[in-house]
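*Asks:* Submitted below is the structure of interest, expressed as structure tokens.
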Amino acid sequence: MNLKLSLPQAPSTSLPCFIPIATASTTVTSSTSNTISASDLERVNVLGFGSGGTVYKVSHKTTSATYALKKVKEDMDSTSRHQLLRETEILRLVDSPYVVKCHDIYEKPSGEVSILMEYMDLGTLESLRGNVVKEDQLALIARQVLKGLSYLHGLKIVHRDIKPANLLRNSREEVKIADFGVSKIMVKSLDKSNTFTGTCAYMSPERFDSEAADVSEEDKSNVYAGDIWSFGLTMLEILVGHFPLLAHEDKPDWATLMCAVCLGESPKAPEECSEELKSFVDCCLRKKPSERWTASQLLNHPFLLQQD
Ligand SMILES: Nc1ncnc2c1ncn2[C@@H]1O[C@H](COP(=O)(O)OP(=O)(O)OP(=O)(O)O)[C@@H](O)[C@H]1O
């Protein structure tokens with residue numbers, strides 16, 4: 001008589017069903033037990049603009065603690081709304097020293113959503129462009145990003161947009177992964193999430209052209225390898241100071257990129273680099289996803305072990 005049936009899991013493709021975002025005027029949701037009221041925050045200045053909204057540096061009126069507040073555009077279309085729901089779902093789930101911490105999420109009755117994050121005072125890794133980055137500095141950055149990726153992949157989260165603009169650093173020499181707008185939590189083991197999502201320039205060959213004859217079903221479902229390709233390109237960019245696939249074009253068109261990523265040879269570390277670094281880059285940028293090393297394997301690569 002009192003039969004109890006467990007409810008089926010919602011598929012990942014549907015709108016995520018998660019706890020609703022709290023209103024700013026009341027309690028706010030948080031991955032920590034401490035909640036911060038939106039009315040206690042004071043804007044200091046604008047930190048930057050993204051496609052989804054504006055990020056402000058804010059200060060807590062009583063504690064003077066500094067945070068970054070991402071205010072998401074109100075007039076979102078359904079795709080952007082969907083991305084925001086996914087991002088907040090993931091932000092609530094993750095808690096790692098290698099991922100930018102989300103303290104609270106606020107929603108006003110008007111629909112305006114703001115995300116309160118840990119403040120990373122040195123901004124994104126894009127700011128390193130033009131600087132000479134030594135191998136030991138690169139190893140320090142690579143190790144932290146890989147620890148973040150290893151953590152995320154362990155939770156079956158694929159980031160899908162690893163690039164210098166989505167990696168933030170602070171003056172404690174910490175580097176953290178940010179921006180989960182196009183990330184995804186993998187539900188089924190055969191879920192193929194290597195679709196065309198994220199920033200084209202850093203996309204792996206199998207994601208760029210998943211219909212190519214040499215992309216097997218196994219390659220398509222090896223979603224985490226796509227993050228490793230993007231990570232490898234990002235590390236190489238930091239090392240050489242420019243986008244490594246097309247040195248002379250700032251904003252290459254889609255066809256040029258497609259040729260470089262899918263038909264060209266994988267980019268390599270410059271000849272003058274150590275053998276360990278050359279091998280490290282090679283292990284990240286193998287064309288076949290099954291041959292690319294995983295984040296945990298890369299953490300044990302000689303390039304990172306020797307710089308420990
Ligand atoms: N937690 C943070 N601490 C310090 N600065 C931040 C933080 N988050 C974002 N920023 C700054 O704000 C800028 C915009 O960030 P945002 O995440 O909205 O967009 P984006 O990642 O640059 O672009 P898009 O969302 O279009 O991919 C970043 O480039 C960075 O300079």
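Residues are referred to by chain and number: the chain letter is A, B, ... according to the order shown in the structure tokens, the number counts from 1 in that chain, and ligands are numbered separately from 1 in the order shown.
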Which neighbours of stretch 168-176 of chain A fall inside 6 Å, counting only C-alpha atoms, when residues of the same chain fewer than 5 positions from it are skipped, and could you give them as an MDAnalysis selection string?
*Replies:* chainID A and resid 98:100 120:124
*Asks:* Kindly export the residues of the current selection with all heavy atoms, as a short mmCIF file (atom, residue, chain, number, x, y, z; two decimals), in the first residue's frame.
*Replies:*
data_model
loop_
_atom_site.label_atom_id
_atom_site.label_comp_id
_atom_site.auth_asym_id
_atom_site.auth_seq_id
_atom_site.Cartn_x
_atom_site.Cartn_y
_atom_site.Cartn_z
N TYR A 98 41.47 25.56 -6.31
CA TYR A 98 41.91 25.83 -7.69
C TYR A 98 40.76 26.30 -8.58
O TYR A 98 40.90 26.37 -9.79
CB TYR A 98 42.59 24.58 -8.28
CG TYR A 98 43.68 24.10 -7.35
CD1 TYR A 98 43.50 22.96 -6.56
CD2 TYR A 98 44.86 24.82 -7.22
CE1 TYR A 98 44.48 22.56 -5.67
CE2 TYR A 98 45.84 24.42 -6.32
CZ TYR A 98 45.65 23.30 -5.55
OH TYR A 98 46.62 22.91 -4.67
N VAL A 99 39.64 26.59 -7.97
CA VAL A 99 38.48 27.10 -8.71
C VAL A 99 38.02 28.36 -7.98
O VAL A 99 37.93 28.36 -6.74
CB VAL A 99 37.34 26.05 -8.73
CG1 VAL A 99 36.09 26.62 -9.38
CG2 VAL A 99 37.79 24.78 -9.46
N VAL A 100 37.76 29.43 -8.74
CA VAL A 100 37.34 30.69 -8.10
C VAL A 100 36.08 30.44 -7.27
O VAL A 100 35.09 29.89 -7.77
CB VAL A 100 37.09 31.79 -9.17
CG1 VAL A 100 36.46 33.02 -8.55
CG2 VAL A 100 38.41 32.15 -9.84
N MET A 120 40.10 38.17 -7.37
CA MET A 120 41.44 37.77 -7.79
C MET A 120 42.14 39.04 -8.28
O MET A 120 41.85 39.55 -9.37
CB MET A 120 41.35 36.71 -8.89
CG MET A 120 40.63 35.44 -8.48
SD MET A 120 41.51 34.49 -7.22
CE MET A 120 42.80 33.72 -8.17
N ASP A 121 43.02 39.59 -7.44
CA ASP A 121 43.52 40.95 -7.68
C ASP A 121 44.42 41.14 -8.90
O ASP A 121 44.62 42.27 -9.34
CB ASP A 121 44.21 41.49 -6.41
CG ASP A 121 45.41 40.67 -6.00
OD1 ASP A 121 45.57 39.55 -6.52
OD2 ASP A 121 46.20 41.14 -5.16
N LEU A 122 44.95 40.07 -9.48
CA LEU A 122 45.81 40.27 -10.66
C LEU A 122 45.07 39.99 -11.98
O LEU A 122 45.68 39.99 -13.05
CB LEU A 122 47.09 39.43 -10.56
CG LEU A 122 48.01 39.77 -9.37
CD1 LEU A 122 49.29 38.96 -9.45
CD2 LEU A 122 48.34 41.25 -9.33
N GLY A 123 43.78 39.75 -11.89
CA GLY A 123 42.99 39.57 -13.12
C GLY A 123 43.29 38.26 -13.85
O GLY A 123 43.71 37.28 -13.24
N THR A 124 43.09 38.28 -15.15
CA THR A 124 43.20 37.03 -15.91
C THR A 124 44.64 36.79 -16.40
O THR A 124 45.46 37.71 -16.40
CB THR A 124 42.28 37.04 -17.15
OG1 THR A 124 42.89 37.86 -18.15
CG2 THR A 124 40.89 37.56 -16.83
#
*Asks:* With only C-alpha atoms and all ligand atoms counted, collect every polymer residue having an atom within 7 Å of ligand 1; state the result as number ranges by chain.
*Replies:* A: 47-55, 68, 70, 100, 117-121, 123-124, 165-166, 168, 179
*Asks:* Any idea what's packed within 9 Å of A:Tyr224, counting only C-alpha atoms, ignoring anything in its chain fewer than 4 positions away? Could you give it as a ChimeraX atom specification?
*Replies:* /A:149,153,156-160,194,228,289,294-295
*Asks:* Counting only C-alpha atoms, figure out which residue out of A:Gly241, A:Pro270, A:Gly154, A:Gly181 gets nearest to A:Leu84.
*Replies:*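 Counting only C-alpha atoms, the residue closest to A:Leu84 is A:Gly181.
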*Asks:* Kindly indicate which residue among A:Glu112, A:Asp227, A:Glu217, A:Glu135 lies nearest to A:Gly148, using only C-alpha atoms for the distances.
*Replies:* A:Asp227
*Asks:* Can you pull out every residue within 7 Å of stretch 61-66 of chain A, counting only C-alpha atoms, but drop anything in the same chain fewer than 6 positions away, and send it as an NGL selection string?
*Replies:* :A and (40-42 or 119)
*Asks:* For the residues in the current selection, export N, CA and C atoms as a PDB file, in the first residue's frame.
*Replies:*
ATOM      1  N   ASP A  40      24.836  44.902   1.891  1.00  0.00           N
ATOM      2  CA  ASP A  40      26.055  45.231   2.641  1.00  0.00           C
ATOM      3  C   ASP A  40      27.259  45.435   1.730  1.00  0.00           C
ATOM      4  N   LEU A  41      27.021  45.354   0.414  1.00  0.00           N
ATOM      5  CA  LEU A  41      28.148  45.479  -0.518  1.00  0.00           C
ATOM      6  C   LEU A  41      28.155  46.837  -1.192  1.00  0.00           C
ATOM      7  N   GLU A  42      29.354  47.378  -1.338  1.00  0.00           N
ATOM      8  CA  GLU A  42      29.508  48.705  -1.933  1.00  0.00           C
ATOM      9  C   GLU A  42      30.386  48.569  -3.181  1.00  0.00           C
ATOM     10  N   TYR A 119      37.671  37.616  -4.939  1.00  0.00           N
ATOM     11  CA  TYR A 119      38.341  38.631  -5.762  1.00  0.00           C
ATOM     12  C   TYR A 119      39.765  38.187  -6.078  1.00  0.00           C
TER      13      TYR A 119
END
*Asks:* Run DSSP on the backbone and grab whatever in stretch 124-229 of chain A lands in alpha helix (DSSP H); send it over as a PyMOL selection string.
*Replies:* chain A and resi 135-154+205-208+217-221+224-229
*Asks:* Mind checking which residues fall within 9 Å of A:Gly111, counting only C-alpha atoms, ignoring those fewer than 2 positions away in the same chain, and posting them as a PyMOL selection string?
*Replies:* chain A and resi 74-75+107-109+113
*Asks:* Quick one: everything within 12 Å of A:Cys273, counting only C-alpha atoms, minus sequence neighbours fewer than 5 positions away in the same chain. Send it as number ranges by chain.
*Replies:* A: 133-136, 138, 236, 239-240, 268, 278-281, 303
*Asks:* Can you list, as a ChimeraX atom specification, every protein, DNA or RNA residue that comes within 10 Å of A:Leu298 when you count only C-alpha atoms, leaving out same-chain residues fewer than 4 positions away?
*Replies:* /A:142-143,146-147,150,228,280-281,283-284,292-294,302-305
*Asks:* I need the chosen residues saved as an mmCIF file, in the first residue's frame, with N, CA and C atoms.
*Replies:*
data_model
loop_
_atom_site.group_PDB
_atom_site.id
_atom_site.type_symbol
_atom_site.label_atom_id
_atom_site.label_comp_id
_atom_site.auth_asym_id
_atom_site.auth_seq_id
_atom_site.Cartn_x
_atom_site.Cartn_y
_atom_site.Cartn_z
ATOM 1 N N ALA A 142 50.743 25.912 -14.432
ATOM 2 C CA ALA A 142 50.201 24.670 -15.008
ATOM 3 C C ALA A 142 49.728 23.718 -13.918
ATOM 4 N N ARG A 143 50.525 23.600 -12.849
ATOM 5 C CA ARG A 143 50.181 22.658 -11.781
ATOM 6 C C ARG A 143 48.820 23.015 -11.157
ATOM 7 N N LEU A 146 45.921 22.356 -13.583
ATOM 8 C CA LEU A 146 45.688 20.908 -13.703
ATOM 9 C C LEU A 146 45.026 20.344 -12.453
ATOM 10 N N LYS A 147 45.395 20.870 -11.289
ATOM 11 C CA LYS A 147 44.735 20.398 -10.061
ATOM 12 C C LYS A 147 43.252 20.768 -10.116
ATOM 13 N N SER A 150 41.661 18.442 -12.703
ATOM 14 C CA SER A 150 41.561 17.088 -12.178
ATOM 15 C C SER A 150 40.377 16.998 -11.192
ATOM 16 N N ILE A 228 41.886 19.401 -21.993
ATOM 17 C CA ILE A 228 43.355 19.286 -21.947
ATOM 18 C C ILE A 228 43.979 19.968 -23.163
ATOM 19 N N PHE A 280 55.932 17.878 -22.334
ATOM 20 C CA PHE A 280 54.691 18.240 -21.625
ATOM 21 C C PHE A 280 53.662 18.815 -22.620
ATOM 22 N N VAL A 281 54.128 19.748 -23.442
ATOM 23 C CA VAL A 281 53.229 20.377 -24.419
ATOM 24 C C VAL A 281 52.725 19.319 -25.408
ATOM 25 N N CYS A 283 52.296 16.157 -24.873
ATOM 26 C CA CYS A 283 51.306 15.277 -24.227
ATOM 27 C C CYS A 283 49.923 15.929 -24.127
ATOM 28 N N CYS A 284 49.887 17.272 -24.095
ATOM 29 C CA CYS A 284 48.603 17.989 -24.012
ATOM 30 C C CYS A 284 47.977 18.147 -25.396
ATOM 31 N N ARG A 292 46.000 11.874 -25.764
ATOM 32 C CA ARG A 292 46.292 13.023 -24.889
ATOM 33 C C ARG A 292 46.328 12.560 -23.438
ATOM 34 N N TRP A 293 47.216 13.100 -22.649
ATOM 35 C CA TRP A 293 47.268 12.712 -21.237
ATOM 36 C C TRP A 293 46.089 13.343 -20.480
ATOM 37 N N THR A 294 45.715 12.689 -19.383
ATOM 38 C CA THR A 294 44.653 13.253 -18.542
ATOM 39 C C THR A 294 45.286 14.269 -17.579
ATOM 40 N N PRO A 302 57.235 14.668 -15.874
ATOM 41 C CA PRO A 302 58.541 15.156 -15.403
ATOM 42 C C PRO A 302 58.670 16.689 -15.392
ATOM 43 N N PHE A 303 58.008 17.388 -16.321
ATOM 44 C CA PHE A 303 58.113 18.860 -16.331
ATOM 45 C C PHE A 303 57.608 19.451 -15.018
ATOM 46 N N LEU A 304 56.530 18.870 -14.480
ATOM 47 C CA LEU A 304 55.983 19.398 -13.222
ATOM 48 C C LEU A 304 56.711 18.820 -12.018
ATOM 49 N N LEU A 305 57.160 17.587 -12.123
ATOM 50 C CA LEU A 305 57.851 16.965 -10.979
ATOM 51 C C LEU A 305 59.205 17.632 -10.753
#
*Asks:* Take atom CA of A:Ser80 and atom CA of A:Ser183 and report the distance between them in Å, one decimal.
*Replies:*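 One can read the atom CA of A:Ser80 to atom CA of A:Ser183 distance as 12.7 Å.
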*Asks:* As JSON, numbers by chain, which residues of stretch 20-129 of chain A does DSSP assign to strand (DSSP E or B)?
*Replies:* {"A": [23, 29, 41, 42, 43, 44, 45, 46, 47, 48, 49, 53, 54, 55, 56, 57, 58, 59, 60, 66, 67, 68, 69, 70, 71, 72, 99, 102, 103, 104, 105, 106, 107, 113, 114, 115, 116, 117, 118, 124]}
*Asks:* For atom CA of A:Glu237 and atom CA of A:Glu126, determine how far apart the two atoms are, in Å to one decimal place.
*Replies:*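 Separating atom CA of A:Glu237 from atom CA of A:Glu126 is a distance of 9.2 Å.
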*Asks:* Tell me which of A:Lys101, A:Lys57, A:Arg43, A:Lys288 sits closest to A:Ser210, counting only C-alpha atoms.
*Replies:*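 Looking at the shortest contact to A:Ser210, the residue is A:Lys288.
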*Asks:* Which residue out of A:Trp254, A:Tyr202, A:Tyr106, A:Tyr151 has the minimum interatomic distance to A:Phe231 when only C-alpha atoms are used?
*Replies:* A:Tyr202
